[in-house]
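The next block is target.pdb, given as PDB, C-alpha atoms.
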```pdb
ATOM      1  CA  MET A  12       0.000   0.000   0.000
ATOM      2  CA  TYR A  13       1.232   3.495  -0.900
ATOM      3  CA  VAL A  14       0.377   6.750   0.867
ATOM      4  CA  SER A  15       0.483  10.357  -0.292
ATOM      5  CA  LEU A  16       0.390  13.024   2.415
ATOM      6  CA  SER A  17       0.048  16.715   1.535
ATOM      7  CA  ARG A  18       0.404  19.247   4.298
ATOM      8  CA  LEU A  19      -1.493  22.489   3.720
ATOM      9  CA  GLU A  20      -1.287  25.620   5.789
ATOM     10  CA  ILE A  21      -4.000  28.248   5.616
ATOM     11  CA  PRO A  22      -4.963  31.225   7.826
ATOM     12  CA  ALA A  23      -7.168  29.812  10.608
ATOM     13  CA  ALA A  24     -10.070  32.075   9.609
ATOM     14  CA  ARG A  25     -10.230  30.442   6.175
ATOM     15  CA  ALA A  26      -9.895  26.863   7.401
ATOM     16  CA  PRO A  27     -13.665  26.191   7.534
ATOM     17  CA  GLU A  28     -13.916  27.228   3.882
ATOM     18  CA  LEU A  29     -11.192  24.793   2.868
ATOM     19  CA  VAL A  30     -12.788  21.997   4.910
ATOM     20  CA  THR A  31     -16.124  22.667   3.197
ATOM     21  CA  ALA A  32     -14.392  22.546  -0.196
ATOM     22  CA  PHE A  33     -12.990  19.122   0.670
ATOM     23  CA  GLN A  34     -16.377  17.925   1.925
ATOM     24  CA  SER A  35     -17.939  18.760  -1.428
ATOM     25  CA  ARG A  36     -15.018  17.470  -3.485
ATOM     26  CA  ALA A  37     -15.618  16.191  -7.007
ATOM     27  CA  ARG A  38     -14.800  12.585  -6.023
ATOM     28  CA  LEU A  39     -13.145  12.035  -9.406
ATOM     29  CA  VAL A  40     -10.234  10.318  -7.674
ATOM     30  CA  ASP A  41     -12.564   7.670  -6.218
ATOM     31  CA  ARG A  42     -12.788   6.026  -9.626
ATOM     32  CA  ALA A  43      -9.036   6.045 -10.286
ATOM     33  CA  GLU A  44      -7.303   2.693 -10.758
ATOM     34  CA  GLY A  45      -5.785   1.499  -7.485
ATOM     35  CA  PHE A  46      -7.327   4.251  -5.335
ATOM     36  CA  ILE A  47      -8.179   3.026  -1.816
ATOM     37  CA  ASP A  48      -9.338   6.038   0.173
ATOM     38  CA  LEU A  49      -8.798   9.691   1.018
ATOM     39  CA  GLN A  50      -9.153  11.518   4.313
ATOM     40  CA  VAL A  51      -8.668  15.145   5.283
ATOM     41  CA  TRP A  52      -7.225  15.702   8.750
ATOM     42  CA  GLN A  53      -7.434  19.025  10.590
ATOM     43  CA  SER A  54      -5.055  19.675  13.482
ATOM     44  CA  ASP A  55      -6.823  20.008  16.811
ATOM     45  CA  ARG A  56      -4.180  22.510  17.922
ATOM     46  CA  GLU A  57      -3.705  24.660  14.816
ATOM     47  CA  GLU A  58      -6.918  24.965  12.874
ATOM     48  CA  GLY A  59      -5.058  26.084   9.753
ATOM     49  CA  GLU A  60      -2.929  22.943   9.546
ATOM     50  CA  ILE A  61      -4.671  20.491   7.274
ATOM     51  CA  LEU A  62      -3.395  17.210   5.886
ATOM     52  CA  MET A  63      -4.767  15.489   2.820
ATOM     53  CA  VAL A  64      -4.003  11.776   2.984
ATOM     54  CA  SER A  65      -4.721   9.382   0.125
ATOM     55  CA  ARG A  66      -3.944   5.669   0.026
ATOM     56  CA  TRP A  67      -3.211   3.660  -3.111
ATOM     57  CA  ARG A  68      -2.543   0.068  -4.120
ATOM     58  CA  ASP A  69       0.945   1.059  -5.256
ATOM     59  CA  LYS A  70       3.071   3.981  -6.382
ATOM     60  CA  ALA A  71       2.336   3.458 -10.094
ATOM     61  CA  CYS A  72      -1.408   3.980  -9.544
ATOM     62  CA  PHE A  73      -0.719   7.193  -7.643
ATOM     63  CA  THR A  74       1.631   8.680 -10.251
ATOM     64  CA  THR A  75      -0.735   7.739 -13.096
ATOM     65  CA  TYR A  76      -3.549   9.600 -11.338
ATOM     66  CA  MET A  77      -1.370  12.637 -10.634
ATOM     67  CA  ARG A  78      -0.741  12.976 -14.393
ATOM     68  CA  SER A  79      -4.407  12.517 -15.317
ATOM     69  CA  ALA A  80      -6.952  15.051 -16.556
ATOM     70  CA  GLU A  81      -9.171  14.113 -13.575
ATOM     71  CA  HIS A  82      -6.517  15.332 -11.142
ATOM     72  CA  GLN A  83      -6.213  18.615 -13.033
ATOM     73  CA  VAL A  84      -9.998  19.091 -12.990
ATOM     74  CA  SER A  85     -10.189  18.393  -9.229
ATOM     75  CA  HIS A  86      -7.389  20.808  -8.533
ATOM     76  CA  ASP A  87      -8.868  23.548 -10.734
ATOM     77  CA  ARG A  88     -12.192  23.340  -8.876
ATOM     78  CA  ILE A  89     -10.649  24.973  -5.802
ATOM     79  CA  ASP A  90     -11.572  28.623  -5.656
ATOM     80  CA  GLU A  91      -8.658  30.690  -6.948
ATOM     81  CA  ASP A  92      -8.781  33.137  -4.074
ATOM     82  CA  LEU A  93      -8.797  30.318  -1.522
ATOM     83  CA  ARG A  94      -5.980  28.616  -3.394
ATOM     84  CA  GLY A  95      -3.920  31.794  -3.102
ATOM     85  CA  ASP A  96      -4.195  31.587   0.682
ATOM     86  CA  ILE A  97      -3.049  27.991   0.902
ATOM     87  CA  LYS A  98       0.605  27.839   1.724
ATOM     88  CA  LEU A  99       2.254  24.564   0.947
ATOM     89  CA  ARG A 100       4.864  24.125   3.621
ATOM     90  CA  ALA A 101       8.244  24.148   1.952
ATOM     91  CA  LEU A 102       9.614  20.618   1.598
ATOM     92  CA  GLU A 103       6.664  19.429   3.634
ATOM     93  CA  HIS A 104       4.275  19.805   0.767
ATOM     94  CA  MET A 105       4.091  16.236  -0.334
ATOM     95  CA  HIS A 106       5.423  13.117   1.303
ATOM     96  CA  THR A 107       4.959   9.593   0.048
ATOM     97  CA  TYR A 108       5.228   6.368   2.004
ATOM     98  CA  GLU A 109       5.046   2.617   1.776
ATOM     99  CA  VAL A 110       2.897   0.995   4.443
ATOM    100  CA  VAL A 111       5.346  -1.345   6.182
ATOM    101  CA  ALA A 112       3.373  -2.565   9.190
ATOM    102  CA  GLU A 113      -0.187  -2.604  10.484
TER     103      GLU A 113
ATOM    104  CA  MET B  30     -12.572  10.074  14.056
ATOM    105  CA  TYR B  31      -9.313  11.146  15.702
ATOM    106  CA  VAL B  32      -5.784  10.598  14.386
ATOM    107  CA  SER B  33      -2.413  10.524  16.118
ATOM    108  CA  LEU B  34       0.647  10.875  13.906
ATOM    109  CA  SER B  35       4.156  10.395  15.311
ATOM    110  CA  ARG B  36       7.097  11.203  13.094
ATOM    111  CA  LEU B  37      10.252   9.240  13.883
ATOM    112  CA  GLU B  38      13.681   9.790  12.418
ATOM    113  CA  ILE B  39      16.322   7.085  12.593
ATOM    114  CA  PRO B  40      19.630   6.500  10.780
ATOM    115  CA  ALA B  41      18.755   4.774   7.483
ATOM    116  CA  ALA B  42      20.909   1.758   8.352
ATOM    117  CA  ARG B  43      18.733   1.030  11.406
ATOM    118  CA  ALA B  44      15.408   1.572   9.670
ATOM    119  CA  PRO B  45      14.879  -2.139   8.817
ATOM    120  CA  GLU B  46      15.301  -2.999  12.490
ATOM    121  CA  LEU B  47      12.656  -0.460  13.522
ATOM    122  CA  VAL B  48      10.284  -1.706  10.815
ATOM    123  CA  THR B  49      10.768  -5.277  12.053
ATOM    124  CA  ALA B  50      10.035  -4.135  15.614
ATOM    125  CA  PHE B  51       6.764  -2.611  14.447
ATOM    126  CA  GLN B  52       5.884  -5.743  12.485
ATOM    127  CA  SER B  53       6.217  -7.828  15.623
ATOM    128  CA  ARG B  54       4.526  -5.284  17.876
ATOM    129  CA  ALA B  55       2.706  -6.456  20.992
ATOM    130  CA  ARG B  56      -0.717  -5.492  19.587
ATOM    131  CA  LEU B  57      -1.849  -4.423  23.062
ATOM    132  CA  VAL B  58      -3.349  -1.262  21.547
ATOM    133  CA  ASP B  59      -5.662  -3.315  19.322
ATOM    134  CA  ARG B  60      -7.840  -4.108  22.328
ATOM    135  CA  ALA B  61      -8.022  -0.511  23.583
ATOM    136  CA  GLU B  62     -11.457   1.104  23.786
ATOM    137  CA  GLY B  63     -12.146   3.142  20.647
ATOM    138  CA  PHE B  64      -9.039   1.985  18.760
ATOM    139  CA  ILE B  65      -9.658   1.729  14.994
ATOM    140  CA  ASP B  66      -6.335   0.912  13.359
ATOM    141  CA  LEU B  67      -2.611   1.588  13.236
ATOM    142  CA  GLN B  68      -0.266   1.786  10.273
ATOM    143  CA  VAL B  69       3.453   2.425   9.999
ATOM    144  CA  TRP B  70       4.532   4.407   6.953
ATOM    145  CA  GLN B  71       8.120   4.508   5.678
ATOM    146  CA  SER B  72       9.157   7.336   3.364
ATOM    147  CA  ASP B  73      10.080   6.127  -0.125
ATOM    148  CA  ARG B  74      12.655   8.924  -0.354
ATOM    149  CA  GLU B  75      14.263   8.880   3.086
ATOM    150  CA  GLU B  76      14.350   5.390   4.511
ATOM    151  CA  GLY B  77      14.874   6.720   8.042
ATOM    152  CA  GLU B  78      11.680   8.790   8.065
ATOM    153  CA  ILE B  79       8.943   6.688   9.593
ATOM    154  CA  LEU B  80       5.441   7.704  10.616
ATOM    155  CA  MET B  81       3.284   5.851  13.084
ATOM    156  CA  VAL B  82      -0.376   6.634  12.441
ATOM    157  CA  SER B  83      -3.175   5.453  14.711
ATOM    158  CA  ARG B  84      -6.869   6.210  14.329
ATOM    159  CA  TRP B  85      -9.373   6.416  17.167
ATOM    160  CA  ARG B  86     -13.092   6.908  17.655
ATOM    161  CA  ASP B  87     -12.416  10.164  19.486
ATOM    162  CA  LYS B  88      -9.778  12.073  21.418
ATOM    163  CA  ALA B  89     -10.862  10.738  24.813
ATOM    164  CA  CYS B  90     -10.150   7.133  23.755
ATOM    165  CA  PHE B  91      -6.701   8.136  22.553
ATOM    166  CA  THR B  92      -5.722  10.022  25.712
ATOM    167  CA  THR B  93      -7.039   7.224  27.939
ATOM    168  CA  TYR B  94      -4.851   4.737  26.082
ATOM    169  CA  MET B  95      -1.805   7.004  26.254
ATOM    170  CA  ARG B  96      -2.085   6.999  30.061
ATOM    171  CA  SER B  97      -2.587   3.229  30.303
ATOM    172  CA  ALA B  98      -0.217   0.539  31.493
ATOM    173  CA  GLU B  99      -0.596  -1.165  28.084
ATOM    174  CA  HIS B 100       0.926   1.844  26.356
ATOM    175  CA  GLN B 101       3.854   1.847  28.767
ATOM    176  CA  VAL B 102       4.446  -1.874  28.191
ATOM    177  CA  SER B 103       4.354  -1.448  24.405
ATOM    178  CA  HIS B 104       6.783   1.439  24.585
ATOM    179  CA  ASP B 105       9.156  -0.388  26.918
ATOM    180  CA  ARG B 106       9.347  -3.369  24.545
ATOM    181  CA  ILE B 107      11.425  -1.335  22.093
ATOM    182  CA  ASP B 108      15.079  -2.237  22.384
ATOM    183  CA  GLU B 109      16.846   0.409  24.450
ATOM    184  CA  ASP B 110      19.738   0.768  22.041
ATOM    185  CA  LEU B 111      17.349   1.175  19.103
ATOM    186  CA  ARG B 112      15.301   3.649  21.095
ATOM    187  CA  GLY B 113      18.410   5.740  21.659
ATOM    188  CA  ASP B 114      18.830   6.080  17.905
ATOM    189  CA  ILE B 115      15.281   7.236  17.284
ATOM    190  CA  LYS B 116      15.154  10.974  17.046
ATOM    191  CA  LEU B 117      11.755  12.492  17.545
ATOM    192  CA  ARG B 118      11.710  15.489  15.291
ATOM    193  CA  ALA B 119      11.354  18.587  17.443
ATOM    194  CA  LEU B 120       7.775  19.817  17.475
ATOM    195  CA  GLU B 121       7.005  17.287  14.796
ATOM    196  CA  HIS B 122       6.979  14.449  17.257
ATOM    197  CA  MET B 123       3.288  14.065  17.678
ATOM    198  CA  HIS B 124       0.424  15.637  15.809
ATOM    199  CA  THR B 125      -3.236  14.968  16.377
ATOM    200  CA  TYR B 126      -6.111  15.563  14.001
ATOM    201  CA  GLU B 127      -9.828  15.341  13.575
ATOM    202  CA  VAL B 128     -10.924  13.661  10.354
ATOM    203  CA  VAL B 129     -13.030  16.362   8.689
ATOM    204  CA  ALA B 130     -13.703  14.915   5.226
ATOM    205  CA  GLU B 131     -13.462  11.615   3.375
TER     206      GLU B 131
END
```
Please express what this file holds, its structure, as structure tokens.
Amino acid sequence: MYVSLSRLEIPAARAPELVTAFQSRARLVDRAEGFIDLQVWQSDREEGEILMVSRWRDKACFTTYMRSAEHQVSHDRIDEDLRGDIKLRALEHMHTYEVVAE
Amino acid sequence: MYVSLSRLEIPAARAPELVTAFQSRARLVDRAEGFIDLQVWQSDREEGEILMVSRWRDKACFTTYMRSAEHQVSHDRIDEDLRGDIKLRALEHMHTYEVVAE
């Protein structure tokens, strides 16, 4: 199993807006080959720290999706103004992992 | 749903040993009230970057477990020498989240 973790940082006041955007996401990824699930985690200490975690059968499925038109469409749906306020933490933006134990 | 994420850093050469320790973990947590699941994620870029992710029904279940004898026993099982080599990234050590979207 392969995991992609994106860490987003947004001003706390705009966090509810971003959470709502995720709750009404297009769900295009759900039909991608090898997709398992996606969760959005909000820090209980810093409201503006939000992680997007998706799990995949393997790395190939993940990279194929990332290059797909569906990914572009999902990304473009995010309000441009909101997008401007999302700071991707330098070097922390995207991490990928193999699940090695459960 | 509540998530605890611990980020461990260990010299790459000792990473396999830590992974093996997790694979043969005591599984005491599996019987804890409100425990959902636990996964260990190893970075595919930096072998020594390992995340331990556990999911819980709610925060109260997690904090109760953290104060339990079972948690102490599980922690103490880790080889002392190996434990000495695990560096908990400052401030990154433990993060907790509410699952806000799926």
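Between atom CA of Ser97 of chain B and atom CA of Ala44 of chain B the separation is 27.4 Å.
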Inset, instruction - Taking the file above as input, evaluate the PyMOL selection byres ((chain A) within 7 of (chain B)) and report the hits as a list in words. - result: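 Output of the PyMOL selection byres ((chain A) within 7 of (chain B)): Val30, Phe33, Gln34, Leu49, Gln50, Val51, Trp52, Gln53, Ser54, Asp55, Thr107, Tyr108, Glu109, Val110, Val111, Ala112 and Glu113 of chain A.
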Just want the 10 Å neighbourhood of segment 86-92 of chain A, counted on only C-alpha atoms, with same-chain residues fewer than 3 positions away dropped. Output as a compact mmCIF listing (two decimals) with C-alpha atoms, in the coordinates of the input.
```
# COMPACT_ATOMS: atom_id res chain seq x y z
CA GLU A 28 -13.92 27.23 3.88
CA LEU A 29 -11.19 24.79 2.87
CA ALA A 32 -14.39 22.55 -0.20
CA PHE A 33 -12.99 19.12 0.67
CA ARG A 36 -15.02 17.47 -3.48
CA ALA A 37 -15.62 16.19 -7.01
CA ALA A 80 -6.95 15.05 -16.56
CA GLU A 81 -9.17 14.11 -13.58
CA HIS A 82 -6.52 15.33 -11.14
CA GLN A 83 -6.21 18.61 -13.03
CA GLY A 95 -3.92 31.79 -3.10
CA ASP A 96 -4.20 31.59 0.68
CA ILE A 97 -3.05 27.99 0.90
```
Axis-aligned box over every listed atom of segment 71-88 of chain B, padded by 3 Å per side: centre and edges in Å to one decimal, as lines of an AutoDock Vina configuration file?
```
center_x = 0.9
center_y = 8.3
center_z = 10.5
size_x = 34.0
size_y = 13.6
size_z = 27.8
```
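Atom CA of Cys90 of chain B is positioned 20.7 Å from atom CA of Arg36 of chain B.
Computed from the coordinates, the atom CA of Ile39 of chain B to atom CA of Lys116 of chain B distance equals 6.0 Å.
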